Structure formats: C-alpha cells, structure tokens
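S.K.: Input file: data-v5.cif. Contents: mmCIF, N, CA and C atoms and all ligand atoms.
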```cif
data_my_file
#
loop_
_atom_site.group_PDB
_atom_site.id
_atom_site.type_symbol
_atom_site.label_atom_id
_atom_site.label_comp_id
_atom_site.auth_asym_id
_atom_site.auth_seq_id
_atom_site.Cartn_x
_atom_site.Cartn_y
_atom_site.Cartn_z
ATOM 1 N N MET N 1 96.919 35.968 -25.951
ATOM 2 C CA MET N 1 95.783 36.684 -26.544
ATOM 3 C C MET N 1 94.685 35.717 -26.977
ATOM 4 N N SER N 2 95.109 34.577 -27.547
ATOM 5 C CA SER N 2 94.122 33.595 -28.013
ATOM 6 C C SER N 2 93.378 32.986 -26.835
ATOM 7 N N ARG N 3 94.042 32.991 -25.687
ATOM 8 C CA ARG N 3 93.411 32.495 -24.454
ATOM 9 C C ARG N 3 92.226 33.365 -24.073
ATOM 10 N N LEU N 4 92.431 34.655 -24.191
ATOM 11 C CA LEU N 4 91.399 35.620 -23.848
ATOM 12 C C LEU N 4 90.200 35.456 -24.784
ATOM 13 N N LEU N 5 90.513 35.224 -26.040
ATOM 14 C CA LEU N 5 89.465 35.049 -27.044
ATOM 15 C C LEU N 5 88.662 33.784 -26.738
ATOM 16 N N PHE N 6 89.382 32.725 -26.334
ATOM 17 C CA PHE N 6 88.740 31.461 -25.991
ATOM 18 C C PHE N 6 87.794 31.641 -24.807
ATOM 19 N N LEU N 7 88.281 32.392 -23.815
ATOM 20 C CA LEU N 7 87.480 32.661 -22.623
ATOM 21 C C LEU N 7 86.215 33.425 -23.001
ATOM 22 N N PHE N 8 86.374 34.375 -23.891
ATOM 23 C CA PHE N 8 85.234 35.182 -24.320
ATOM 24 C C PHE N 8 84.191 34.307 -25.027
ATOM 25 N N VAL N 9 84.668 33.395 -25.863
ATOM 26 C CA VAL N 9 83.762 32.494 -26.589
ATOM 27 C C VAL N 9 83.016 31.590 -25.612
ATOM 28 N N VAL N 10 83.736 31.085 -24.608
ATOM 29 C CA VAL N 10 83.108 30.210 -23.605
ATOM 30 C C VAL N 10 82.011 30.958 -22.854
ATOM 31 N N ILE N 11 82.317 32.186 -22.455
ATOM 32 C CA ILE N 11 81.324 33.006 -21.741
ATOM 33 C C ILE N 11 80.114 33.270 -22.632
ATOM 34 N N ALA N 12 80.358 33.564 -23.885
ATOM 35 C CA ALA N 12 79.271 33.851 -24.825
ATOM 36 C C ALA N 12 78.373 32.627 -25.005
ATOM 37 N N VAL N 13 78.993 31.438 -25.097
ATOM 38 C CA VAL N 13 78.223 30.200 -25.276
ATOM 39 C C VAL N 13 77.393 29.907 -24.029
ATOM 40 N N VAL N 14 78.000 30.066 -22.858
ATOM 41 C CA VAL N 14 77.280 29.826 -21.603
ATOM 42 C C VAL N 14 76.107 30.789 -21.482
ATOM 43 N N TYR N 15 76.351 32.036 -21.819
ATOM 44 C CA TYR N 15 75.303 33.052 -21.750
ATOM 45 C C TYR N 15 74.158 32.690 -22.695
ATOM 46 N N TRP N 16 74.520 32.256 -23.899
ATOM 47 C CA TRP N 16 73.506 31.897 -24.894
ATOM 48 C C TRP N 16 72.699 30.676 -24.439
ATOM 49 N N LEU N 17 73.401 29.709 -23.840
ATOM 50 C CA LEU N 17 72.724 28.500 -23.360
ATOM 51 C C LEU N 17 71.737 28.840 -22.242
ATOM 52 N N LEU N 18 72.161 29.687 -21.318
ATOM 53 C CA LEU N 18 71.293 30.092 -20.215
ATOM 54 C C LEU N 18 70.060 30.824 -20.741
ATOM 55 N N LYS N 19 70.294 31.652 -21.742
ATOM 56 C CA LYS N 19 69.211 32.432 -22.324
ATOM 57 C C LYS N 19 68.178 31.533 -22.990
ATOM 58 N N SER N 20 68.651 30.555 -23.770
ATOM 59 C CA SER N 20 67.733 29.655 -24.471
ATOM 60 C C SER N 20 67.065 28.697 -23.489
ATOM 61 N N TYR N 21 67.775 28.397 -22.393
ATOM 62 C CA TYR N 21 67.195 27.522 -21.373
ATOM 63 C C TYR N 21 66.041 28.228 -20.674
ATOM 64 N N ARG N 22 66.232 29.504 -20.393
ATOM 65 C CA ARG N 22 65.187 30.278 -19.716
ATOM 66 C C ARG N 22 63.951 30.411 -20.588
ATOM 67 N N LYS N 23 64.183 30.512 -21.889
ATOM 68 C CA LYS N 23 63.068 30.647 -22.827
ATOM 69 C C LYS N 23 62.178 29.414 -22.786
ATOM 70 N N GLN N 24 62.798 28.241 -22.560
ATOM 71 C CA GLN N 24 62.043 26.993 -22.542
ATOM 72 C C GLN N 24 61.412 26.715 -21.185
ATOM 73 N N SER N 25 61.808 27.481 -20.189
ATOM 74 C CA SER N 25 61.263 27.287 -18.844
ATOM 75 C C SER N 25 59.748 27.455 -18.848
ATOM 76 N N PRO N 26 59.020 26.448 -18.376
ATOM 77 C CA PRO N 26 57.559 26.469 -18.445
ATOM 78 C C PRO N 26 56.907 27.515 -17.544
ATOM 79 N N LYS N 27 57.627 28.011 -16.555
ATOM 80 C CA LYS N 27 57.022 28.952 -15.607
ATOM 81 C C LYS N 27 56.597 30.250 -16.264
ATOM 82 N N GLN N 28 57.357 30.668 -17.273
ATOM 83 C CA GLN N 28 57.052 31.947 -17.914
ATOM 84 C C GLN N 28 56.192 31.767 -19.158
ATOM 85 N N ASP N 29 55.988 30.510 -19.543
ATOM 86 C CA ASP N 29 55.234 30.250 -20.762
ATOM 87 C C ASP N 29 53.730 30.242 -20.488
ATOM 88 N N VAL N 30 53.002 31.022 -21.270
ATOM 89 C CA VAL N 30 51.556 31.083 -21.096
ATOM 90 C C VAL N 30 50.863 29.836 -21.660
ATOM 91 N N PRO N 31 51.250 29.332 -22.852
ATOM 92 C CA PRO N 31 50.550 28.161 -23.423
ATOM 93 C C PRO N 31 50.514 26.950 -22.503
ATOM 94 N N THR N 32 51.598 26.662 -21.781
ATOM 95 C CA THR N 32 51.609 25.486 -20.914
ATOM 96 C C THR N 32 50.709 25.697 -19.703
ATOM 97 N N ALA N 33 50.586 26.950 -19.282
ATOM 98 C CA ALA N 33 49.758 27.261 -18.118
ATOM 99 C C ALA N 33 48.279 27.127 -18.456
ATOM 100 N N ALA N 34 47.964 27.224 -19.735
ATOM 101 C CA ALA N 34 46.569 27.171 -20.152
ATOM 102 C C ALA N 34 45.965 25.795 -19.910
ATOM 103 N N SER N 35 46.814 24.764 -19.923
ATOM 104 C CA SER N 35 46.319 23.411 -19.711
ATOM 105 C C SER N 35 46.088 23.133 -18.226
ATOM 106 N N GLU N 36 46.594 24.040 -17.395
ATOM 107 C CA GLU N 36 46.470 23.855 -15.953
ATOM 108 C C GLU N 36 45.267 24.630 -15.423
ATOM 109 N N ASP N 37 44.701 24.142 -14.340
ATOM 110 C CA ASP N 37 43.571 24.823 -13.714
ATOM 111 C C ASP N 37 44.007 26.172 -13.153
ATOM 112 N N MET N 38 43.216 27.204 -13.426
ATOM 113 C CA MET N 38 43.494 28.515 -12.886
ATOM 114 C C MET N 38 42.567 28.769 -11.699
ATOM 115 N N VAL N 39 43.132 29.324 -10.653
ATOM 116 C CA VAL N 39 42.321 29.646 -9.481
ATOM 117 C C VAL N 39 42.457 31.141 -9.174
ATOM 118 N N ARG N 40 41.559 31.639 -8.335
ATOM 119 C CA ARG N 40 41.524 33.062 -8.039
ATOM 120 C C ARG N 40 41.896 33.274 -6.574
ATOM 121 N N CYS N 41 42.752 34.222 -6.317
ATOM 122 C CA CYS N 41 43.141 34.552 -4.949
ATOM 123 C C CYS N 41 41.941 35.186 -4.243
ATOM 124 N N ALA N 42 41.572 34.641 -3.095
ATOM 125 C CA ALA N 42 40.408 35.130 -2.363
ATOM 126 C C ALA N 42 40.661 36.512 -1.754
ATOM 127 N N GLN N 43 41.926 36.895 -1.681
ATOM 128 C CA GLN N 43 42.257 38.174 -1.067
ATOM 129 C C GLN N 43 42.343 39.300 -2.098
ATOM 130 N N CYS N 44 43.096 39.112 -3.165
ATOM 131 C CA CYS N 44 43.300 40.199 -4.133
ATOM 132 C C CYS N 44 42.653 39.923 -5.489
ATOM 133 N N GLY N 45 42.183 38.688 -5.715
ATOM 134 C CA GLY N 45 41.462 38.395 -6.952
ATOM 135 C C GLY N 45 42.342 38.066 -8.142
ATOM 136 N N VAL N 46 43.633 37.943 -7.940
ATOM 137 C CA VAL N 46 44.531 37.631 -9.045
ATOM 138 C C VAL N 46 44.384 36.154 -9.434
ATOM 139 N N HIS N 47 44.506 35.866 -10.727
ATOM 140 C CA HIS N 47 44.412 34.489 -11.202
ATOM 141 C C HIS N 47 45.798 33.875 -11.303
ATOM 142 N N LEU N 48 45.934 32.647 -10.852
ATOM 143 C CA LEU N 48 47.221 31.963 -10.906
ATOM 144 C C LEU N 48 46.999 30.458 -11.041
ATOM 145 N N PRO N 49 48.025 29.733 -11.552
ATOM 146 C CA PRO N 49 47.885 28.283 -11.677
ATOM 147 C C PRO N 49 47.666 27.624 -10.316
ATOM 148 N N LYS N 50 46.830 26.610 -10.305
ATOM 149 C CA LYS N 50 46.465 25.928 -9.068
ATOM 150 C C LYS N 50 47.695 25.406 -8.322
ATOM 151 N N SER N 51 48.686 24.931 -9.069
ATOM 152 C CA SER N 51 49.880 24.355 -8.441
ATOM 153 C C SER N 51 50.706 25.398 -7.707
ATOM 154 N N GLU N 52 50.513 26.696 -8.077
ATOM 155 C CA GLU N 52 51.294 27.746 -7.424
ATOM 156 C C GLU N 52 50.500 28.429 -6.325
ATOM 157 N N ALA N 53 49.229 28.062 -6.182
ATOM 158 C CA ALA N 53 48.379 28.710 -5.196
ATOM 159 C C ALA N 53 48.518 28.070 -3.822
ATOM 160 N N THR N 54 48.232 28.876 -2.802
ATOM 161 C CA THR N 54 48.201 28.368 -1.430
ATOM 162 C C THR N 54 46.755 28.060 -1.088
ATOM 163 N N LEU N 55 46.503 26.827 -0.689
ATOM 164 C CA LEU N 55 45.142 26.407 -0.389
ATOM 165 C C LEU N 55 44.896 26.409 1.112
ATOM 166 N N SER N 56 43.784 27.011 1.501
ATOM 167 C CA SER N 56 43.429 27.038 2.910
ATOM 168 C C SER N 56 41.925 27.125 3.047
ATOM 169 N N ASP N 57 41.339 26.177 3.775
ATOM 170 C CA ASP N 57 39.902 26.207 4.051
ATOM 171 C C ASP N 57 39.075 26.214 2.765
ATOM 172 N N GLY N 58 39.545 25.538 1.723
ATOM 173 C CA GLY N 58 38.829 25.479 0.464
ATOM 174 C C GLY N 58 38.987 26.724 -0.390
ATOM 175 N N LYS N 59 39.810 27.657 0.058
ATOM 176 C CA LYS N 59 40.038 28.891 -0.707
ATOM 177 C C LYS N 59 41.486 28.936 -1.175
ATOM 178 N N HIS N 60 41.670 29.576 -2.325
ATOM 179 C CA HIS N 60 43.014 29.677 -2.876
ATOM 180 C C HIS N 60 43.563 31.084 -2.678
ATOM 181 N N PHE N 61 44.875 31.143 -2.496
ATOM 182 C CA PHE N 61 45.543 32.430 -2.332
ATOM 183 C C PHE N 61 46.810 32.466 -3.173
ATOM 184 N N CYS N 62 47.191 33.693 -3.580
ATOM 185 C CA CYS N 62 48.375 33.820 -4.429
ATOM 186 C C CYS N 62 49.655 33.660 -3.617
ATOM 187 N N GLY N 63 49.541 33.755 -2.310
ATOM 188 C CA GLY N 63 50.738 33.595 -1.490
ATOM 189 C C GLY N 63 50.379 33.476 -0.024
ATOM 190 N N GLU N 64 51.395 33.115 0.741
ATOM 191 C CA GLU N 64 51.206 32.935 2.183
ATOM 192 C C GLU N 64 50.756 34.236 2.846
ATOM 193 N N ALA N 65 51.286 35.349 2.370
ATOM 194 C CA ALA N 65 50.955 36.655 2.957
ATOM 195 C C ALA N 65 49.473 36.968 2.818
ATOM 196 N N HIS N 66 48.903 36.675 1.650
ATOM 197 C CA HIS N 66 47.485 36.973 1.435
ATOM 198 C C HIS N 66 46.585 36.002 2.187
ATOM 199 N N ARG N 67 47.077 34.785 2.395
ATOM 200 C CA ARG N 67 46.300 33.829 3.176
ATOM 201 C C ARG N 67 46.150 34.350 4.611
ATOM 202 N N ARG N 68 47.274 34.824 5.152
ATOM 203 C CA ARG N 68 47.256 35.348 6.529
ATOM 204 C C ARG N 68 46.403 36.610 6.597
ATOM 205 N N GLU N 69 46.526 37.460 5.591
ATOM 206 C CA GLU N 69 45.767 38.705 5.551
ATOM 207 C C GLU N 69 44.265 38.408 5.545
ATOM 208 N N TYR N 70 43.887 37.421 4.741
ATOM 209 C CA TYR N 70 42.475 37.054 4.599
ATOM 210 C C TYR N 70 41.934 36.484 5.907
ATOM 211 N N GLU N 71 42.732 35.688 6.569
ATOM 212 C CA GLU N 71 42.273 35.026 7.784
ATOM 213 C C GLU N 71 42.290 35.933 9.012
ATOM 214 N N SER N 72 43.032 37.019 8.914
ATOM 215 C CA SER N 72 43.086 37.944 10.056
ATOM 216 C C SER N 72 41.931 38.921 10.038
ATOM 217 N N LYS N 73 41.107 38.868 8.980
ATOM 218 C CA LYS N 73 39.969 39.776 8.872
ATOM 219 C C LYS N 73 38.895 39.467 9.911
HETATM 220 ZN ZN ZN N 101 46.487 37.654 -3.514
#
```
Could you show the structure in this file as structure tokens?
Ligand SMILES: [Zn+2]

M.R.:
Amino acid sequence: MSRLLFLFVVIAVVYWLLKSYRKQSPKQDVPTAASEDMVRCAQCGVHLPKSEATLSDGKHFCGEAHRREYESK
C-alpha cells in the first residue's frame, strides 16, 4: 500500500514540475516577447515575433502556408 502512495507522490511531483516549467517557458510569456521585434503577416495581418515569422521577399508571414498563399496570388 505504501508503494502505491509513493508512486502517487512521484506522479504528483512530476506533474507539478512540468506545470511550473511550462509557466516559465518564454513562448507563452508576453513580457519577454515585448523586447523582441514584432512583425505583421502580409497575408492575414496577424502580429508575431520576428523570430517566429517566415521571411520571403522582404515580407513576413505567420507561417509557410500564408507565404505560399500570398505568392500564389
Ligand atoms: Zn498569416
């Protein structure tokens, strides 16, 4: 029985660690993104960090799909 309890505690700790780790992940944090250059998708107009944008022909896109969509026009 104590084994089961130990297993439960281990799972709870791992879950808690993953949760707190995700909280610190910079991808979801707005303050860290503020220091980065924001660019606008030429296809849909959404704003995103420059490092996550797809650059083509001097224009930025939110993804590969929108780059292709824009260029097929
Ligand atoms: Zn877009």

S.K.: Pick from N:Ser72, N:Glu52, N:Lys59, N:Val46: nearest to ligand ZN 101 (chain N), with all atoms listed in the file counted?

M.R.: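 Of N:Ser72, N:Glu52, N:Lys59, N:Val46, the one nearest ligand ZN 101 (chain N) is N:Val46, counting all atoms listed in the file.
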
S.K.: Pick from N:Lys23, N:Lys73, N:Arg3, N:His66: nearest to Ala42 of chain N, with only C-alpha atoms counted?

M.R.: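 Among N:Lys23, N:Lys73, N:Arg3, N:His66, it is N:His66 that comes nearest to Ala42 of chain N.
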
S.K.: One decimal, Å: what's the distance from atom C of His60 of chain N over to atom C of Asp37 of chain N, could you say?

M.R.: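 Calculated distance between atom C of His60 of chain N and atom C of Asp37 of chain N is 11.6 Å.
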
S.K.: Would you give me, as a short mmCIF file (atom, residue, chain, number, x, y, z; two decimals) with N, CA and C atoms, in the frame of the given file, the residues in chain N that DSSP reads as strand (DSSP E)?

M.R.:
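The new file selection.cif reads:
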```
data_model
loop_
_atom_site.label_atom_id
_atom_site.label_comp_id
_atom_site.auth_asym_id
_atom_site.auth_seq_id
_atom_site.Cartn_x
_atom_site.Cartn_y
_atom_site.Cartn_z
N MET N 38 43.22 27.20 -13.43
CA MET N 38 43.49 28.52 -12.89
C MET N 38 42.57 28.77 -11.70
N VAL N 39 43.13 29.32 -10.65
CA VAL N 39 42.32 29.65 -9.48
C VAL N 39 42.46 31.14 -9.17
N ARG N 40 41.56 31.64 -8.34
CA ARG N 40 41.52 33.06 -8.04
C ARG N 40 41.90 33.27 -6.57
N HIS N 47 44.51 35.87 -10.73
CA HIS N 47 44.41 34.49 -11.20
C HIS N 47 45.80 33.88 -11.30
N LEU N 48 45.93 32.65 -10.85
CA LEU N 48 47.22 31.96 -10.91
C LEU N 48 47.00 30.46 -11.04
N PRO N 49 48.02 29.73 -11.55
CA PRO N 49 47.88 28.28 -11.68
C PRO N 49 47.67 27.62 -10.32
N THR N 54 48.23 28.88 -2.80
CA THR N 54 48.20 28.37 -1.43
C THR N 54 46.76 28.06 -1.09
N LEU N 55 46.50 26.83 -0.69
CA LEU N 55 45.14 26.41 -0.39
C LEU N 55 44.90 26.41 1.11
N SER N 56 43.78 27.01 1.50
CA SER N 56 43.43 27.04 2.91
C SER N 56 41.92 27.12 3.05
N LYS N 59 39.81 27.66 0.06
CA LYS N 59 40.04 28.89 -0.71
C LYS N 59 41.49 28.94 -1.18
N HIS N 60 41.67 29.58 -2.33
CA HIS N 60 43.01 29.68 -2.88
C HIS N 60 43.56 31.08 -2.68
N PHE N 61 44.88 31.14 -2.50
CA PHE N 61 45.54 32.43 -2.33
C PHE N 61 46.81 32.47 -3.17
#
```

S.K.: Dump the neighbourhood of ligand ZN 101 (chain N) as a VMD selection string: all residues within 10 Å, distances computed on only C-alpha atoms and all ligand atoms.

M.R.: chain N and resid 40 to 48 53 to 54 60 to 67 69 to 70

S.K.: One number please: atom C of Phe6 of chain N to atom CA of Lys19 of chain N, in Å, one decimal.

M.R.: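 Spanning atom C of Phe6 of chain N to atom CA of Lys19 of chain N is a straight-line distance of 18.8 Å.
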
S.K.: Pick out each residue of chain N that DSSP on the backbone tags as helix (DSSP H, G or I); I need them as a ChimeraX atom specification.

M.R.: /N:2-24,30-34,50-52,64-71

S.K.: Box along x, y and z, 3 Å on every side, all listed atoms of segment 46-64 of chain N inside: centre and edge lengths in Å to one decimal, as AutoDock Vina command-line options.

M.R.:
```
--center_x 45.1 --center_y 31.1 --center_z -3.8 --size_x 18.6 --size_y 19.6 --size_z 21.7
```

S.K.: Quick check, in Å to one decimal: how far apart do atom CA of Pro49 of chain N and atom CA of Tyr15 of chain N lie?

M.R.: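 Computing it gives 29.6 Å between the two atoms.
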